[in-house]
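Q: Provided herewith: run31.cif, mmCIF, C-alpha atoms and all ligand atoms.
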```cif
data_structure
loop_
_atom_site.label_atom_id
_atom_site.label_comp_id
_atom_site.auth_asym_id
_atom_site.auth_seq_id
_atom_site.Cartn_x
_atom_site.Cartn_y
_atom_site.Cartn_z
CA MET A 1 25.30 49.96 -74.30
CA LYS A 2 26.83 47.13 -76.36
CA CYS A 3 25.96 43.42 -76.40
CA LYS A 4 28.54 41.50 -74.41
CA LYS A 5 28.72 38.79 -77.06
CA CYS A 6 28.80 40.64 -80.39
CA ASP A 7 29.32 44.37 -79.81
CA THR A 8 26.09 45.45 -81.55
CA THR A 9 23.58 47.60 -79.65
CA ALA A 10 22.11 45.79 -76.63
CA VAL A 11 18.30 45.70 -76.29
CA ILE A 12 18.28 44.46 -72.73
CA ASN A 13 20.50 45.53 -69.87
CA MET A 14 20.29 43.16 -66.89
CA ARG A 15 21.97 45.01 -64.05
CA GLN A 16 21.10 42.08 -61.76
CA HIS A 17 23.43 39.86 -63.83
CA LYS A 18 25.83 42.65 -64.94
CA LEU A 19 24.98 41.61 -68.49
CA ALA A 20 23.67 43.43 -71.58
CA LEU A 21 22.69 41.56 -74.76
CA CYS A 22 21.38 42.21 -78.26
CA GLY A 23 18.06 40.63 -79.30
CA GLU A 24 19.62 37.69 -81.08
CA HIS A 25 21.91 36.75 -78.20
CA TYR A 26 19.15 37.33 -75.66
CA LEU A 27 16.94 34.79 -77.47
CA GLU A 28 19.77 32.26 -77.06
CA TRP A 29 20.73 33.20 -73.51
CA LEU A 30 17.32 32.96 -71.82
CA PRO A 31 16.45 29.40 -72.98
CA GLU A 32 19.96 28.30 -71.89
CA GLN A 33 19.25 29.67 -68.42
CA VAL A 34 15.85 27.97 -68.25
CA GLU A 35 17.34 24.64 -69.34
CA ARG A 36 20.07 24.99 -66.72
CA PHE A 37 17.43 25.34 -63.96
CA ILE A 38 15.28 22.49 -65.34
CA GLU A 39 18.34 20.27 -65.05
CA LYS A 40 19.69 21.67 -61.78
CA TYR A 41 16.41 21.13 -59.92
CA ARG A 42 15.64 17.89 -61.84
CA MET A 43 12.28 19.13 -63.05
CA PHE A 44 11.74 16.84 -66.06
CA THR A 45 13.61 15.25 -68.95
CA ARG A 46 13.15 15.11 -72.72
CA ASP A 47 11.74 11.57 -72.34
CA GLU A 48 8.86 12.80 -70.24
CA LYS A 49 5.59 14.40 -71.34
CA VAL A 50 4.67 17.59 -69.48
CA LEU A 51 1.51 19.68 -69.30
CA MET A 52 2.15 23.44 -69.61
CA ALA A 53 -0.54 25.51 -67.87
CA VAL A 54 -1.03 28.65 -69.97
CA SER A 55 -2.94 31.74 -68.91
CA GLY A 56 -2.32 33.82 -72.06
CA GLY A 57 0.21 35.94 -70.15
CA LYS A 58 3.87 36.54 -70.98
CA ASP A 59 5.31 34.08 -68.48
CA SER A 60 3.40 30.97 -69.47
CA LEU A 61 3.37 31.66 -73.24
CA GLY A 62 7.04 32.69 -73.19
CA LEU A 63 7.93 29.55 -71.24
CA TRP A 64 5.93 27.29 -73.56
CA ASP A 65 7.82 28.82 -76.49
CA ILE A 66 11.15 28.17 -74.73
CA LEU A 67 10.28 24.55 -73.86
CA HIS A 68 9.15 23.93 -77.44
CA ARG A 69 12.38 25.44 -78.82
CA LEU A 70 14.44 23.33 -76.41
CA GLY A 71 12.77 20.17 -77.72
CA TYR A 72 10.75 19.14 -74.67
CA HIS A 73 7.54 17.12 -75.12
CA THR A 74 4.78 19.53 -74.10
CA GLU A 75 1.03 19.97 -74.42
CA GLY A 76 -0.84 23.01 -73.12
CA LEU A 77 -3.79 23.49 -70.77
CA TYR A 78 -5.93 26.62 -70.74
CA ILE A 79 -8.63 27.00 -68.08
CA GLY A 80 -11.51 29.30 -69.04
CA LEU A 81 -12.47 31.00 -65.79
CA GLY A 82 -15.13 33.36 -67.13
CA ILE A 83 -13.45 36.51 -65.79
CA GLU A 84 -15.20 39.72 -66.84
CA GLN A 85 -14.04 42.69 -68.91
CA ASN A 86 -13.11 40.42 -71.78
CA TYR A 87 -10.14 39.13 -69.75
CA SER A 88 -10.88 35.41 -70.16
CA ASP A 89 -12.05 35.67 -73.80
CA GLU A 90 -8.91 37.53 -74.83
CA SER A 91 -6.50 35.31 -72.90
CA ARG A 92 -8.10 32.23 -74.47
CA ARG A 93 -7.84 33.74 -77.97
CA LEU A 94 -4.14 34.49 -77.47
CA SER A 95 -3.39 31.02 -76.07
CA GLU A 96 -5.19 29.35 -78.99
CA GLN A 97 -3.44 31.58 -81.50
CA PHE A 98 -0.05 30.74 -79.94
CA ALA A 99 -0.63 26.96 -80.03
CA ALA A 100 -2.05 26.98 -83.58
CA ALA A 101 0.92 28.95 -84.94
CA ARG A 102 3.29 26.23 -83.64
CA GLY A 103 1.12 23.17 -84.26
CA LEU A 104 1.00 22.47 -80.50
CA THR A 105 -1.87 20.72 -78.72
CA LEU A 106 -3.86 22.93 -76.35
CA HIS A 107 -6.42 21.35 -74.02
CA ILE A 108 -9.19 23.66 -72.89
CA VAL A 109 -11.33 23.32 -69.78
CA ASP A 110 -14.03 25.98 -69.58
CA VAL A 111 -15.50 25.98 -66.08
CA GLU A 112 -18.85 27.45 -67.11
CA ASP A 113 -19.35 24.96 -69.98
CA GLU A 114 -18.17 21.98 -67.95
CA PHE A 115 -19.47 22.68 -64.48
CA GLY A 116 -22.24 25.26 -64.90
CA ALA A 117 -20.96 28.62 -63.56
CA THR A 118 -18.13 31.10 -64.07
CA ILE A 119 -15.58 31.64 -61.30
CA PRO A 120 -17.08 35.02 -60.25
CA GLU A 121 -20.55 33.38 -60.10
CA LEU A 122 -19.19 30.41 -58.16
CA SER A 123 -17.55 32.78 -55.70
CA VAL A 124 -20.89 34.50 -55.00
CA ILE A 125 -22.90 31.27 -54.77
CA SER A 126 -20.40 29.52 -52.51
CA ASN A 127 -20.00 32.66 -50.40
CA ARG A 128 -16.24 32.25 -50.13
CA GLY A 129 -13.37 34.72 -50.40
CA HIS A 130 -14.95 37.82 -48.80
CA GLY A 131 -16.43 39.18 -52.04
CA LYS A 132 -13.29 38.44 -54.09
CA PRO A 133 -13.20 35.49 -56.51
CA CYS A 134 -9.41 34.98 -56.18
CA SER A 135 -9.35 32.20 -53.57
CA VAL A 136 -12.16 30.27 -55.31
CA CYS A 137 -10.27 30.80 -58.55
CA GLY A 138 -7.01 29.47 -57.08
CA LEU A 139 -8.72 26.38 -55.68
CA ASN A 140 -10.33 25.62 -59.06
CA LYS A 141 -7.12 26.17 -61.00
CA ARG A 142 -5.14 23.82 -58.73
CA TYR A 143 -7.86 21.17 -58.85
CA ILE A 144 -8.38 21.28 -62.63
CA MET A 145 -4.65 21.36 -63.38
CA ASN A 146 -3.97 18.31 -61.21
CA ARG A 147 -6.91 16.35 -62.57
CA ALA A 148 -6.15 17.18 -66.21
CA ALA A 149 -2.47 16.28 -65.81
CA LEU A 150 -3.24 12.93 -64.16
CA GLU A 151 -6.04 12.00 -66.55
CA GLY A 152 -3.86 12.91 -69.53
CA GLY A 153 -1.01 10.68 -68.32
CA PHE A 154 1.49 13.53 -67.96
CA ASP A 155 4.66 13.23 -65.88
CA ALA A 156 4.61 16.79 -64.56
CA LEU A 157 2.62 20.01 -64.52
CA VAL A 158 4.53 23.16 -65.51
CA THR A 159 3.49 26.66 -64.46
CA GLY A 160 4.91 30.05 -65.44
CA HIS A 161 5.56 31.37 -61.91
CA ASN A 162 8.57 33.69 -62.22
CA LEU A 163 11.12 35.01 -59.71
CA ASP A 164 8.96 38.05 -58.88
CA ASP A 165 5.99 35.78 -58.06
CA GLU A 166 8.11 33.44 -55.95
CA VAL A 167 9.82 36.24 -54.02
CA ALA A 168 6.51 38.01 -53.29
CA VAL A 169 5.12 34.78 -51.80
CA LEU A 170 8.38 34.19 -49.94
CA MET A 171 8.30 37.64 -48.41
CA GLN A 172 4.67 37.26 -47.36
CA ASN A 173 5.35 33.84 -45.80
CA THR A 174 8.44 35.18 -44.03
CA PHE A 175 6.49 38.12 -42.59
CA ASN A 176 3.96 35.65 -41.23
CA TRP A 177 6.64 33.11 -40.20
CA ALA A 178 4.48 30.58 -42.00
CA GLY A 179 6.83 27.64 -41.44
CA GLY A 180 4.66 25.06 -43.20
CA TYR A 181 4.39 27.19 -46.34
CA LEU A 182 8.09 28.04 -46.29
CA ALA A 183 8.97 24.35 -46.01
CA ARG A 184 6.82 23.60 -49.08
CA GLN A 185 7.87 26.50 -51.33
CA ALA A 186 10.26 25.04 -53.91
CA PRO A 187 11.10 24.92 -57.63
CA VAL A 188 9.80 21.32 -57.68
CA LEU A 189 7.04 19.68 -55.66
CA PRO A 190 7.43 15.92 -56.06
CA ALA A 191 4.38 13.77 -56.86
CA HIS A 192 2.66 12.18 -53.86
CA ASP A 193 -0.68 10.64 -52.89
CA GLY A 194 -2.44 11.42 -56.19
CA LEU A 195 -0.86 14.86 -56.64
CA ILE A 196 1.14 15.33 -59.83
CA ARG A 197 4.76 16.64 -59.78
CA LYS A 198 4.66 20.45 -60.07
CA VAL A 199 7.55 22.45 -61.49
CA LYS A 200 8.41 26.12 -62.00
CA PRO A 201 11.20 26.50 -64.58
CA LEU A 202 11.04 30.34 -64.37
CA CYS A 203 11.59 30.46 -60.59
CA ARG A 204 14.93 32.25 -61.12
CA ILE A 205 13.88 34.37 -64.11
CA TYR A 206 12.83 38.00 -63.52
CA GLU A 207 9.42 39.12 -64.77
CA ARG A 208 11.02 41.82 -66.93
CA GLU A 209 13.24 39.18 -68.53
CA MET A 210 10.08 37.40 -69.68
CA THR A 211 8.56 40.65 -70.96
CA ALA A 212 11.73 41.28 -72.96
CA TYR A 213 11.72 37.72 -74.31
CA CYS A 214 8.12 37.99 -75.58
CA LEU A 215 8.76 41.40 -77.13
CA VAL A 216 11.93 40.35 -78.95
CA ARG A 217 10.41 37.04 -80.03
CA GLY A 218 7.15 38.69 -81.14
CA ILE A 219 4.86 36.68 -78.87
CA GLU A 220 1.48 38.33 -78.46
CA TYR A 221 0.22 38.02 -74.88
CA ILE A 222 -2.40 39.63 -72.64
CA TYR A 223 -0.94 42.79 -71.08
CA GLU A 224 -3.74 43.39 -68.61
CA GLU A 225 -3.76 41.83 -65.16
CA CYS A 226 -6.88 40.03 -64.02
CA PRO A 227 -9.35 42.80 -62.98
CA HIS A 228 -9.70 41.15 -59.55
CA ALA A 229 -5.95 41.31 -58.80
CA GLU A 230 -6.09 45.05 -58.07
CA GLY A 231 -5.18 45.82 -54.48
CA SER A 232 -3.97 42.27 -53.75
CA THR A 233 -1.32 41.54 -51.13
CA THR A 234 0.92 40.02 -53.79
CA ILE A 235 0.93 43.27 -55.77
CA TYR A 236 1.72 45.18 -52.58
CA TYR A 237 4.77 42.99 -51.90
CA LYS A 238 5.85 43.16 -55.54
CA GLU A 239 5.90 46.97 -55.36
CA ILE A 240 8.06 46.95 -52.24
CA LEU A 241 10.41 44.39 -53.79
CA ASN A 242 10.71 46.48 -56.97
CA ARG A 243 11.85 49.43 -54.87
CA MET A 244 14.47 47.25 -53.18
CA GLU A 245 15.61 45.91 -56.54
CA GLY A 246 15.91 49.47 -57.88
CA ASP A 247 18.29 50.39 -55.05
CA ARG A 248 20.14 47.09 -55.10
CA PRO A 249 20.01 45.22 -58.44
CA GLY A 250 19.94 41.50 -57.79
CA ALA A 251 18.22 41.82 -54.39
CA LYS A 252 15.27 39.59 -55.35
CA LEU A 253 17.46 36.86 -56.78
CA GLN A 254 19.75 36.98 -53.75
CA PHE A 255 16.77 36.65 -51.37
CA TYR A 256 15.40 33.66 -53.29
CA ILE A 257 18.70 31.81 -53.70
CA SER A 258 19.63 32.34 -50.03
CA PHE A 259 16.22 30.96 -49.08
CA LEU A 260 16.77 27.81 -51.17
CA GLN A 261 20.23 27.37 -49.61
CA ALA A 262 18.87 27.83 -46.09
CA LYS A 263 16.21 25.24 -46.84
CA GLU A 264 18.79 22.86 -48.28
CA SER A 265 20.77 23.11 -45.06
CA GLY A 266 17.69 22.10 -43.07
CA LEU A 267 16.45 25.43 -41.68
CA PHE A 268 12.80 24.49 -42.24
CA ALA A 269 13.10 20.74 -41.69
CA ASN A 270 11.14 20.90 -38.43
CA ALA A 271 8.32 22.83 -40.07
CA GLU A 272 7.60 20.15 -42.66
CA GLN A 273 4.17 18.70 -42.03
CA HIS A 274 2.94 15.54 -43.63
CA VAL A 275 -0.76 15.94 -44.35
CA GLU A 276 -2.52 12.63 -44.95
CA LEU A 277 -4.36 12.64 -48.28
CA HIS A 278 -6.95 10.18 -49.51
CA PRO A 279 -9.22 10.05 -52.58
CA CYS A 280 -12.41 12.16 -52.48
CA GLU A 281 -15.45 9.88 -52.26
CA ARG A 282 -17.16 11.73 -55.10
CA CYS A 283 -14.42 12.57 -57.65
CA GLY A 284 -11.39 10.53 -56.57
CA GLN A 285 -9.00 13.49 -56.43
CA PRO A 286 -6.74 13.71 -53.35
CA THR A 287 -8.08 15.58 -50.34
CA SER A 288 -7.34 15.93 -46.65
CA ALA A 289 -11.05 16.42 -45.84
CA PRO A 290 -13.10 13.39 -44.81
CA GLY A 291 -15.73 12.41 -47.42
CA ASP A 292 -16.04 14.82 -50.33
CA CYS A 293 -13.25 17.25 -51.25
CA SER A 294 -13.81 21.01 -50.94
CA TRP A 295 -14.00 21.36 -54.74
CA CYS A 296 -16.90 18.87 -54.94
CA ARG A 297 -18.66 20.47 -51.98
CA MET A 298 -18.36 23.89 -53.59
CA TRP A 299 -19.87 22.75 -56.89
CA GLU A 300 -22.64 20.84 -55.08
CA LYS A 301 -23.79 24.19 -53.73
CA VAL A 302 -24.03 25.53 -57.28
CA LYS A 303 -26.12 22.56 -58.41
CA LEU A 304 -28.40 23.03 -55.40
CA ALA A 305 -28.76 26.77 -56.01
CA LYS A 306 -29.60 26.19 -59.69
CA LYS A 307 -32.18 23.52 -58.79
CA THR A 308 -33.83 25.91 -56.32
CA VAL A 309 -33.99 28.67 -58.94
CA THR A 310 -35.57 26.26 -61.46
CA MET A 311 -38.13 25.05 -58.90
CA LEU A 312 -39.06 28.61 -57.90
CA GLY A 313 -39.14 29.73 -61.53
P1 LIG A 401 -1.25 33.26 -61.53
O1 LIG A 401 -1.79 32.29 -60.54
O2 LIG A 401 -2.30 33.96 -62.32
O3 LIG A 401 -0.16 34.12 -61.02
O4 LIG A 401 -0.55 32.34 -62.63
C1 LIG A 401 0.52 31.51 -62.34
C2 LIG A 401 0.63 30.42 -63.37
O5 LIG A 401 -0.53 29.59 -63.33
C3 LIG A 401 0.69 30.91 -64.81
O6 LIG A 401 2.00 31.24 -65.19
C4 LIG A 401 0.17 29.73 -65.56
O7 LIG A 401 1.17 28.75 -65.72
C5 LIG A 401 -0.90 29.18 -64.63
N1 LIG A 401 -2.25 29.73 -64.95
C6 LIG A 401 -2.81 30.87 -64.49
N2 LIG A 401 -4.05 31.05 -65.01
C7 LIG A 401 -4.28 29.98 -65.81
C8 LIG A 401 -5.38 29.57 -66.64
N3 LIG A 401 -6.50 30.31 -66.74
N4 LIG A 401 -5.28 28.41 -67.32
C9 LIG A 401 -4.17 27.65 -67.22
N5 LIG A 401 -3.10 27.98 -66.46
C10 LIG A 401 -3.14 29.13 -65.78
FE1 LIG A 402 -8.52 34.18 -60.87
FE2 LIG A 402 -8.20 36.72 -61.17
S1 LIG A 402 -7.29 35.12 -62.30
S2 LIG A 402 -9.61 35.79 -59.89
ZN ZN A 403 24.83 40.11 -79.51
ZN ZN A 404 -14.01 15.70 -55.07
#
```
How would this structure read if it were set down as structure tokens?
A:
Amino acid sequence: MKCKKCDTTAVINMRQHKLALCGEHYLEWLPEQVERFIEKYRMFTRDEKVLMAVSGGKDSLGLWDILHRLGYHTEGLYIGLGIEQNYSDESRRLSEQFAAARGLTLHIVDVEDEFGATIPELSVISNRGHGKPCSVCGLNKRYIMNRAALEGGFDALVTGHNLDDEVAVLMQNTFNWAGGYLARQAPVLPAHDGLIRKVKPLCRIYEREMTAYCLVRGIEYIYEECPHAEGSTTIYYKEILNRMEGDRPGAKLQFYISFLQAKESGLFANAEQHVELHPCERCGQPTSAPGDCSWCRMWEKVKLAKKTVTMLG
């Protein structure tokens, strides 16, 4: 297989785009694609300052590298979740190593250091998520990302969600006919009521395209999935979608683009719900709950539990 642009041996064959490229041309092509989507969906401009949420994985580190190469004004945010089996320690090391090698600023929020418990501990103490820390983890990540981006004066928060992630969520929401979620799923969520603008520049980039980018570019990232992800619904949908993609290259992209077009033409307009948000009485972050937000209530339980242990001890 030859590179379409220079006739040398191709390292990546993208059947979904009917395109094969050598390493050098691939490293040019992918950032061009990402920039095209940043502009098409009006995510952010070179005059704005954006906060890149990095997990140490290929998508977020690969994207940070692309944004840096394209000349966007970025700083990074790594959230230390305290996940076992060395997962958090290693992902933090790789994120720090990445930022240091490029002279980029990386902000770190470690939940145990700052708030007093790891995410798995918090999940047990708060008794949420049916024995799995994932929902507690998601709530904390969203809260910390929004707060850090607002407090740091950023214009937008960038995450590394790729096409495979977006299509798995889309399929799940379609199976449940979750109109509200479908109406809200988009490459850009505009800022409102104390929530920062959220953007996903990789929403049309396949996961394997990011793997290839990191390999060719020599970016070291964490290969392992979070140990708690095993058996998740998202992974189940991703497996089914991979089988469909194998039979019909381009199926995932087609599904996603048709969804965005259907939305554009108003298919989900009736499902859009406007939830009233107001500042939490304790922390000031936006919430729909009266009084304290669910994040504050969750951490109050931890403080209470720790106090009880100290008193009994
Ligand atoms: P996930 O929710 O793990 O699928 O990750 C989706 C995106 O959220 C990643 O591409 C990152 O942009 C961001 N993210 C996930 N985990 C972290 C973390 N520990 N710290 C900062 N950002 C994260
Ligand atoms: Fe949050 Fe796995 S990354 S529970
Ligand atoms: Zn080439
Ligand atoms: Zn609060």
Q: Could you build a table of the residues in range 16-71 of chain A lying no more than 7 Å from range 89-105 of chain A, giving for each the nearest pair of atoms and their separation in Å rounded to one decimal place, using only C-alpha atoms, ordered by chain and ascending residue number, as JSON lines?
A:
```
{"residue": "A:Val54", "atom": "CA", "partner": "A:Ser95", "partner_atom": "CA", "distance": 7.0}
{"residue": "A:Ser55", "atom": "CA", "partner": "A:Ser91", "partner_atom": "CA", "distance": 6.4}
{"residue": "A:Gly56", "atom": "CA", "partner": "A:Ser91", "partner_atom": "CA", "distance": 4.5}
```
Q: Counting all atoms listed in the file, figure out which residue out of A:Asn173, A:Asn86, A:Thr287, A:Gln16 gets nearest to Thr234 in chain A.
A: A:Asn173
Q: List as a list in words the protein and nucleic acid residues near Leu163 in chain A, meaning an atom at most 6 Å away when all atoms listed in the file are counted, but skip any in the same chain fewer than 4 places from it.
A: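 With the cut-off at 6 Å, the set is Val167, Cys203, Arg204, Ile205 and Tyr206 of chain A.
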Q: Could you tell me which of A:Lys132, A:Arg142, A:Lys238, A:His107 comes closest to Asn162 in chain A if we count only C-alpha atoms?
A: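 Among the listed residues, the smallest separation from Asn162 in chain A belongs to A:Lys238.
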Q: Please determine, counting only C-alpha atoms, which residue among A:Glu224, A:Glu112, A:Glu75, A:Asp65 has the shortest atom-to-atom distance to Lys49 in chain A.
A: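 Counting only C-alpha atoms, the residue closest to Lys49 in chain A is A:Glu75.
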Q: Expressed in Å to a single decimal, how great is the separation between CA of Leu157 in chain A and CA of Gly291 in chain A?
A: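 Rounded to one decimal, the two atoms are 26.2 Å apart.
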